[in-house]
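So the structure is just underneath, and the comments pick up after that.
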Amino acid sequence: MPSRVLPYPLFDADNHLYETEESLTKYLPKQYRDAIQYVQVNGRTKIAVRGQISDYIPNPTFEVVARPGAMEEYFRNGNPEGKSRREIFGEPMRSIPAFREPAPRLELMDELGINRTLMFPTLASLVEERMRDDPELIHVVVHALNQWLHETWSFNYKERIFTVPVVSLPIVEKAIEELDWCVERGARAILVRPAPVPGFRGPRSFALPEFDPFWKRVVEHDVLVTMHSSDSGYSRYTSEWEGADQEMLPFKTNTFRMVGEWRPVQDAVASWVCHGALFRFPELKIAVIENGSSWVAPLLETLADVYKKAPEGFGGDPVAAVKRNIHVSPFWEEDLGELADLIGVDKVLFGSDYPHPEGLAEPTSYLEAIKHMSEEHQAKIMGGNLARLLSV
């Protein structure tokens, strides 16, 4: 039974599945089979992308994982003792079927009190950055992942689990093909990385006019665009400051990276208005997931100042456009009332990040963060807003 009974259904904007080893390889065409490999290093299985071993996800098989909510105390009270990530995570657990398959997950959702959820992949976040110089390969691997995701979970499992396929944009025509393929099979939301788009001419913003045919098709399909925390490639900037060239290692303490942790999403949202896509496509529905909300107020303040000085550089009021199109799933430890006052309660989404260690072991405990709000506003944040965005 759920830990508490609520007068409204919960629609979680941020649940995760743990992929199996075949998720990136099963549907890869033969000529690309060497692009993704699992290799043994000192008795441990690692993933190698085009022959380069990645430590971005320390255990890419997910056979053993950190316990859900293992970092709750860390986020609630900080880390005054200076514990390592391993000490904070505590004793790991073996993956259970509910982390891997939809039917057991529904049973677990019932126990947790979750009615419906968006279900994000986990391993997918490493793909695009490690193939940034090969746009063709990105599209091939992303499609292989989406084929596995659809076969294993479907994109709409019993109107309760809505998995979120990845769509990468390097080649616009291929991005549209992928979008169409996913929507035809029931996808209600897509995952677009909050980062410049790799391409043959180098990276560039997804909000530039060259991507308008894609966003036009997104509007026609009426799907939700999610921008989930990922490897946005910003390690190359921190590496320049630190004099070392290394990939993003999210589970290794790096205070300099932590200072600018939300810079990628701040830049991504700024790009939506500075490069004009939100003015050309005001019907777009965008949800920023697992990026917190500490960046929102400073960004809106900066945009307001820039708009005051250079209104000719925008297609309209950028602050109004962000508040119109962008929905935010804040972290439970943040001031949700303050965020609701800033962008409107209709734009705030509950997300538990279950079963990741950074998330909540009991998703319904998120209610503690908004218990001071009216029941009407709670119902919107805890599910009503997301149900409206997905038209379910």
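Ordering of the structure tokens sets the chain letters (A, B, ...); residue numbers start at 1 within each chain; ligands are numbered from 1 in the order shown.
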query = Contacts of stretch 191-197 of chain A at 8 Å or less, counting only C-alpha atoms, minus same-chain residues fewer than 3 places along, as a PyMOL selection string?
reply = chain A and resi 164-170+203-206+225-230+232-233+264-265+268
Since we have the selection now, will you write its residues out, keeping N, CA and C atoms, as a PDB file, in the first residue's frame?
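For reference, out39.pdb as written:
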```pdb
ATOM      1  N   VAL A 164       9.928   7.847 -22.595  1.00  0.00           N
ATOM      2  CA  VAL A 164      10.323   9.046 -23.332  1.00  0.00           C
ATOM      3  C   VAL A 164      11.481   8.702 -24.266  1.00  0.00           C
ATOM      4  N   PRO A 165      11.198   8.479 -25.546  1.00  0.00           N
ATOM      5  CA  PRO A 165      12.270   8.175 -26.497  1.00  0.00           C
ATOM      6  C   PRO A 165      13.145   9.399 -26.758  1.00  0.00           C
ATOM      7  N   VAL A 166      14.378   9.128 -27.140  1.00  0.00           N
ATOM      8  CA  VAL A 166      15.340  10.185 -27.435  1.00  0.00           C
ATOM      9  C   VAL A 166      15.188  10.620 -28.892  1.00  0.00           C
ATOM     10  N   VAL A 167      15.254  11.917 -29.127  1.00  0.00           N
ATOM     11  CA  VAL A 167      15.351  12.430 -30.490  1.00  0.00           C
ATOM     12  C   VAL A 167      16.537  13.383 -30.538  1.00  0.00           C
ATOM     13  N   SER A 168      17.499  13.063 -31.385  1.00  0.00           N
ATOM     14  CA  SER A 168      18.672  13.913 -31.563  1.00  0.00           C
ATOM     15  C   SER A 168      18.529  14.666 -32.881  1.00  0.00           C
ATOM     16  N   LEU A 169      19.094  15.874 -32.948  1.00  0.00           N
ATOM     17  CA  LEU A 169      18.781  16.774 -34.052  1.00  0.00           C
ATOM     18  C   LEU A 169      19.893  17.053 -35.065  1.00  0.00           C
ATOM     19  N   PRO A 170      21.042  16.394 -35.062  1.00  0.00           N
ATOM     20  CA  PRO A 170      22.123  16.797 -35.972  1.00  0.00           C
ATOM     21  C   PRO A 170      21.704  16.937 -37.429  1.00  0.00           C
ATOM     22  N   PRO A 203      28.943  22.298 -33.546  1.00  0.00           N
ATOM     23  CA  PRO A 203      27.735  22.435 -32.733  1.00  0.00           C
ATOM     24  C   PRO A 203      27.049  23.776 -32.932  1.00  0.00           C
ATOM     25  N   ARG A 204      25.724  23.779 -32.751  1.00  0.00           N
ATOM     26  CA  ARG A 204      24.932  25.012 -32.831  1.00  0.00           C
ATOM     27  C   ARG A 204      23.620  24.806 -32.089  1.00  0.00           C
ATOM     28  N   SER A 205      22.935  25.895 -31.787  1.00  0.00           N
ATOM     29  CA  SER A 205      21.717  25.834 -30.982  1.00  0.00           C
ATOM     30  C   SER A 205      20.584  25.146 -31.719  1.00  0.00           C
ATOM     31  N   PHE A 206      19.814  24.378 -30.962  1.00  0.00           N
ATOM     32  CA  PHE A 206      18.600  23.729 -31.472  1.00  0.00           C
ATOM     33  C   PHE A 206      17.497  24.736 -31.783  1.00  0.00           C
ATOM     34  N   VAL A 225       8.044  18.268 -25.285  1.00  0.00           N
ATOM     35  CA  VAL A 225       9.507  18.232 -25.398  1.00  0.00           C
ATOM     36  C   VAL A 225      10.086  18.276 -23.990  1.00  0.00           C
ATOM     37  N   THR A 226      10.794  17.226 -23.599  1.00  0.00           N
ATOM     38  CA  THR A 226      11.444  17.241 -22.290  1.00  0.00           C
ATOM     39  C   THR A 226      12.937  17.472 -22.471  1.00  0.00           C
ATOM     40  N   MET A 227      13.496  18.240 -21.566  1.00  0.00           N
ATOM     41  CA  MET A 227      14.943  18.469 -21.530  1.00  0.00           C
ATOM     42  C   MET A 227      15.418  18.015 -20.159  1.00  0.00           C
ATOM     43  N   HIS A 228      15.927  16.787 -20.124  1.00  0.00           N
ATOM     44  CA  HIS A 228      16.330  16.152 -18.877  1.00  0.00           C
ATOM     45  C   HIS A 228      17.825  16.346 -18.666  1.00  0.00           C
ATOM     46  N   SER A 229      18.220  16.432 -17.415  1.00  0.00           N
ATOM     47  CA  SER A 229      19.639  16.524 -17.086  1.00  0.00           C
ATOM     48  C   SER A 229      20.419  15.429 -17.796  1.00  0.00           C
ATOM     49  N   SER A 230      21.554  15.789 -18.378  1.00  0.00           N
ATOM     50  CA  SER A 230      22.300  14.857 -19.211  1.00  0.00           C
ATOM     51  C   SER A 230      23.767  15.273 -19.217  1.00  0.00           C
ATOM     52  N   SER A 232      25.822  17.339 -21.123  1.00  0.00           N
ATOM     53  CA  SER A 232      25.658  18.374 -22.139  1.00  0.00           C
ATOM     54  C   SER A 232      26.975  18.811 -22.751  1.00  0.00           C
ATOM     55  N   GLY A 233      28.059  18.146 -22.378  1.00  0.00           N
ATOM     56  CA  GLY A 233      29.348  18.442 -22.996  1.00  0.00           C
ATOM     57  C   GLY A 233      30.123  19.569 -22.339  1.00  0.00           C
ATOM     58  N   PRO A 264      24.303  24.368 -18.128  1.00  0.00           N
ATOM     59  CA  PRO A 264      23.756  23.853 -19.390  1.00  0.00           C
ATOM     60  C   PRO A 264      22.273  24.137 -19.571  1.00  0.00           C
ATOM     61  N   VAL A 265      21.470  23.895 -18.534  1.00  0.00           N
ATOM     62  CA  VAL A 265      20.031  24.126 -18.696  1.00  0.00           C
ATOM     63  C   VAL A 265      19.729  25.615 -18.768  1.00  0.00           C
ATOM     64  N   ALA A 268      20.432  26.498 -22.234  1.00  0.00           N
ATOM     65  CA  ALA A 268      19.437  25.915 -23.132  1.00  0.00           C
ATOM     66  C   ALA A 268      18.147  26.736 -23.133  1.00  0.00           C
TER      67      ALA A 268
END
```
request  = For A:Leu28, list every protein, DNA or RNA residue within 10 Å, evaluated using only C-alpha atoms, and leave out those in the same chain fewer than 4 positions away; present the list as a list in words.
outcome  =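 Answer for this query is Glu22, Ser23, Leu24, Tyr32, Arg33, Asp34, Ala35, Ile36, Val140, Val141, Val142, His143, Ala144, Leu145 and Gln147 of chain A.
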Resulting file, chosen residues, N, CA and C atoms, as a compact mmCIF listing (two decimals), in the first residue's frame:
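Okay, result_29.txt is ready:
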```txt
# COMPACT_ATOMS: atom_id res chain seq x y z
N GLU A 22 21.76 -4.99 -23.89
CA GLU A 22 21.40 -5.02 -25.30
C GLU A 22 20.66 -3.77 -25.77
N SER A 23 20.38 -2.85 -24.85
CA SER A 23 19.54 -1.70 -25.20
C SER A 23 20.15 -0.85 -26.32
N LEU A 24 21.47 -0.73 -26.33
CA LEU A 24 22.14 0.08 -27.36
C LEU A 24 22.68 -0.76 -28.51
N TYR A 32 27.68 -1.06 -37.80
CA TYR A 32 27.92 -0.18 -36.65
C TYR A 32 28.11 -0.97 -35.35
N ARG A 33 28.23 -2.29 -35.44
CA ARG A 33 28.27 -3.12 -34.25
C ARG A 33 29.43 -2.79 -33.31
N ASP A 34 30.52 -2.31 -33.86
CA ASP A 34 31.68 -2.00 -33.02
C ASP A 34 31.56 -0.65 -32.32
N ALA A 35 30.52 0.10 -32.62
CA ALA A 35 30.38 1.44 -32.03
C ALA A 35 30.13 1.37 -30.53
N ILE A 36 29.37 0.37 -30.09
CA ILE A 36 29.06 0.20 -28.68
C ILE A 36 29.48 -1.20 -28.26
N VAL A 140 21.87 6.74 -35.80
CA VAL A 140 21.76 5.27 -35.85
C VAL A 140 21.61 4.69 -34.44
N VAL A 141 22.46 5.13 -33.51
CA VAL A 141 22.44 4.59 -32.15
C VAL A 141 21.16 5.00 -31.42
N VAL A 142 20.74 6.25 -31.60
CA VAL A 142 19.50 6.71 -30.97
C VAL A 142 18.31 5.89 -31.45
N HIS A 143 18.27 5.61 -32.75
CA HIS A 143 17.15 4.82 -33.26
C HIS A 143 17.19 3.40 -32.71
N ALA A 144 18.39 2.83 -32.61
CA ALA A 144 18.52 1.49 -32.04
C ALA A 144 18.00 1.46 -30.60
N LEU A 145 18.35 2.48 -29.83
CA LEU A 145 17.87 2.57 -28.46
C LEU A 145 16.35 2.67 -28.42
N GLN A 147 14.21 1.66 -30.62
CA GLN A 147 13.61 0.38 -31.01
C GLN A 147 13.56 -0.56 -29.81
```
Point-to-point distance from atom CA of A:Arg85 to atom CA of A:His356, Å rounded to tenths = 13.7 Å
inquiry  = Rounded to one decimal, what separation in Å do you get between atom CA of A:Val172 and atom CA of A:Phe214?
reply    =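 That distance, rounded to one decimal, is 6.5 Å.
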request  = Go through A:Ile171, A:Leu349, A:Ala189, A:Leu179 one by one, measure the shortest atom-to-atom distance of each to A:Leu390 using only C-alpha atoms, and give the residue with the smallest value.
outcome  = A:Ala189
key: Which of stretch 245-370 of chain A DSSP labels helix (DSSP H, G or I), written as an NGL selection string   = :A and (255-259 or 263-274 or 277-280 or 296-309 or 311-313 or 318-325 or 336-343 or 345-347 or 363-370)
Dump as a PDB file, in the first residue's frame, selection limited to C-alpha atoms:
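What landed in result.pdb:
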```pdb
ATOM      1  CA  THR A 255      33.573  21.469  -6.725  1.00  0.00           C
ATOM      2  CA  PHE A 256      34.326  23.581  -9.789  1.00  0.00           C
ATOM      3  CA  ARG A 257      31.847  21.599 -11.857  1.00  0.00           C
ATOM      4  CA  MET A 258      29.273  21.843  -9.046  1.00  0.00           C
ATOM      5  CA  VAL A 259      29.505  25.658  -9.071  1.00  0.00           C
ATOM      6  CA  ARG A 263      24.784  26.241 -16.570  1.00  0.00           C
ATOM      7  CA  PRO A 264      23.756  23.853 -19.390  1.00  0.00           C
ATOM      8  CA  VAL A 265      20.031  24.126 -18.696  1.00  0.00           C
ATOM      9  CA  GLN A 266      20.291  27.874 -18.124  1.00  0.00           C
ATOM     10  CA  ASP A 267      21.969  28.242 -21.507  1.00  0.00           C
ATOM     11  CA  ALA A 268      19.437  25.915 -23.132  1.00  0.00           C
ATOM     12  CA  VAL A 269      16.439  27.890 -21.869  1.00  0.00           C
ATOM     13  CA  ALA A 270      18.129  31.183 -22.777  1.00  0.00           C
ATOM     14  CA  SER A 271      18.691  29.837 -26.278  1.00  0.00           C
ATOM     15  CA  TRP A 272      14.983  29.096 -26.709  1.00  0.00           C
ATOM     16  CA  VAL A 273      14.292  32.844 -26.582  1.00  0.00           C
ATOM     17  CA  CYS A 274      17.578  34.409 -27.677  1.00  0.00           C
ATOM     18  CA  ALA A 277      12.266  29.371 -31.453  1.00  0.00           C
ATOM     19  CA  LEU A 278       9.716  30.180 -28.744  1.00  0.00           C
ATOM     20  CA  PHE A 279       8.579  33.239 -30.695  1.00  0.00           C
ATOM     21  CA  ARG A 280       8.328  31.349 -33.972  1.00  0.00           C
ATOM     22  CA  VAL A 296      15.185  30.110 -12.960  1.00  0.00           C
ATOM     23  CA  ALA A 297      15.114  33.406 -11.051  1.00  0.00           C
ATOM     24  CA  PRO A 298      18.643  34.536 -12.038  1.00  0.00           C
ATOM     25  CA  LEU A 299      17.978  33.704 -15.694  1.00  0.00           C
ATOM     26  CA  LEU A 300      14.673  35.567 -15.799  1.00  0.00           C
ATOM     27  CA  GLU A 301      16.292  38.566 -14.105  1.00  0.00           C
ATOM     28  CA  THR A 302      19.107  38.558 -16.661  1.00  0.00           C
ATOM     29  CA  LEU A 303      16.717  38.164 -19.595  1.00  0.00           C
ATOM     30  CA  ALA A 304      14.616  41.071 -18.339  1.00  0.00           C
ATOM     31  CA  ASP A 305      17.721  43.252 -18.159  1.00  0.00           C
ATOM     32  CA  VAL A 306      18.882  42.258 -21.640  1.00  0.00           C
ATOM     33  CA  TYR A 307      15.392  42.838 -23.065  1.00  0.00           C
ATOM     34  CA  LYS A 308      15.324  46.326 -21.510  1.00  0.00           C
ATOM     35  CA  LYS A 309      18.618  47.141 -23.226  1.00  0.00           C
ATOM     36  CA  PRO A 311      14.444  44.642 -27.264  1.00  0.00           C
ATOM     37  CA  GLU A 312      15.254  44.567 -30.979  1.00  0.00           C
ATOM     38  CA  GLY A 313      17.173  41.334 -30.400  1.00  0.00           C
ATOM     39  CA  PRO A 318      11.679  36.742 -23.382  1.00  0.00           C
ATOM     40  CA  VAL A 319      10.521  36.483 -19.771  1.00  0.00           C
ATOM     41  CA  ALA A 320       6.895  36.182 -20.854  1.00  0.00           C
ATOM     42  CA  ALA A 321       7.861  33.558 -23.435  1.00  0.00           C
ATOM     43  CA  VAL A 322       9.727  31.441 -20.872  1.00  0.00           C
ATOM     44  CA  LYS A 323       6.792  31.646 -18.482  1.00  0.00           C
ATOM     45  CA  ARG A 324       4.402  30.705 -21.302  1.00  0.00           C
ATOM     46  CA  ASN A 325       6.286  27.696 -22.705  1.00  0.00           C
ATOM     47  CA  LEU A 336       8.420  25.249  -4.473  1.00  0.00           C
ATOM     48  CA  GLY A 337       6.141  28.035  -3.311  1.00  0.00           C
ATOM     49  CA  GLU A 338       8.670  30.618  -4.448  1.00  0.00           C
ATOM     50  CA  LEU A 339       8.961  28.918  -7.845  1.00  0.00           C
ATOM     51  CA  ALA A 340       5.173  28.761  -8.244  1.00  0.00           C
ATOM     52  CA  ASP A 341       4.954  32.482  -7.465  1.00  0.00           C
ATOM     53  CA  LEU A 342       7.651  33.187 -10.045  1.00  0.00           C
ATOM     54  CA  ILE A 343       6.478  31.163 -13.059  1.00  0.00           C
ATOM     55  CA  VAL A 345       1.663  27.076 -10.353  1.00  0.00           C
ATOM     56  CA  ASP A 346       0.505  25.702 -13.723  1.00  0.00           C
ATOM     57  CA  LYS A 347       4.144  25.437 -14.791  1.00  0.00           C
ATOM     58  CA  PRO A 363       7.761   9.654  -4.019  1.00  0.00           C
ATOM     59  CA  THR A 364       4.653  10.685  -2.068  1.00  0.00           C
ATOM     60  CA  SER A 365       6.935  12.359   0.492  1.00  0.00           C
ATOM     61  CA  TYR A 366       7.326  15.144  -2.114  1.00  0.00           C
ATOM     62  CA  LEU A 367       4.038  16.405  -0.701  1.00  0.00           C
ATOM     63  CA  GLU A 368       5.917  17.668   2.366  1.00  0.00           C
ATOM     64  CA  ALA A 369       7.474  20.351   0.166  1.00  0.00           C
ATOM     65  CA  ILE A 370       4.060  21.743  -0.865  1.00  0.00           C
TER      66      ILE A 370
END
```
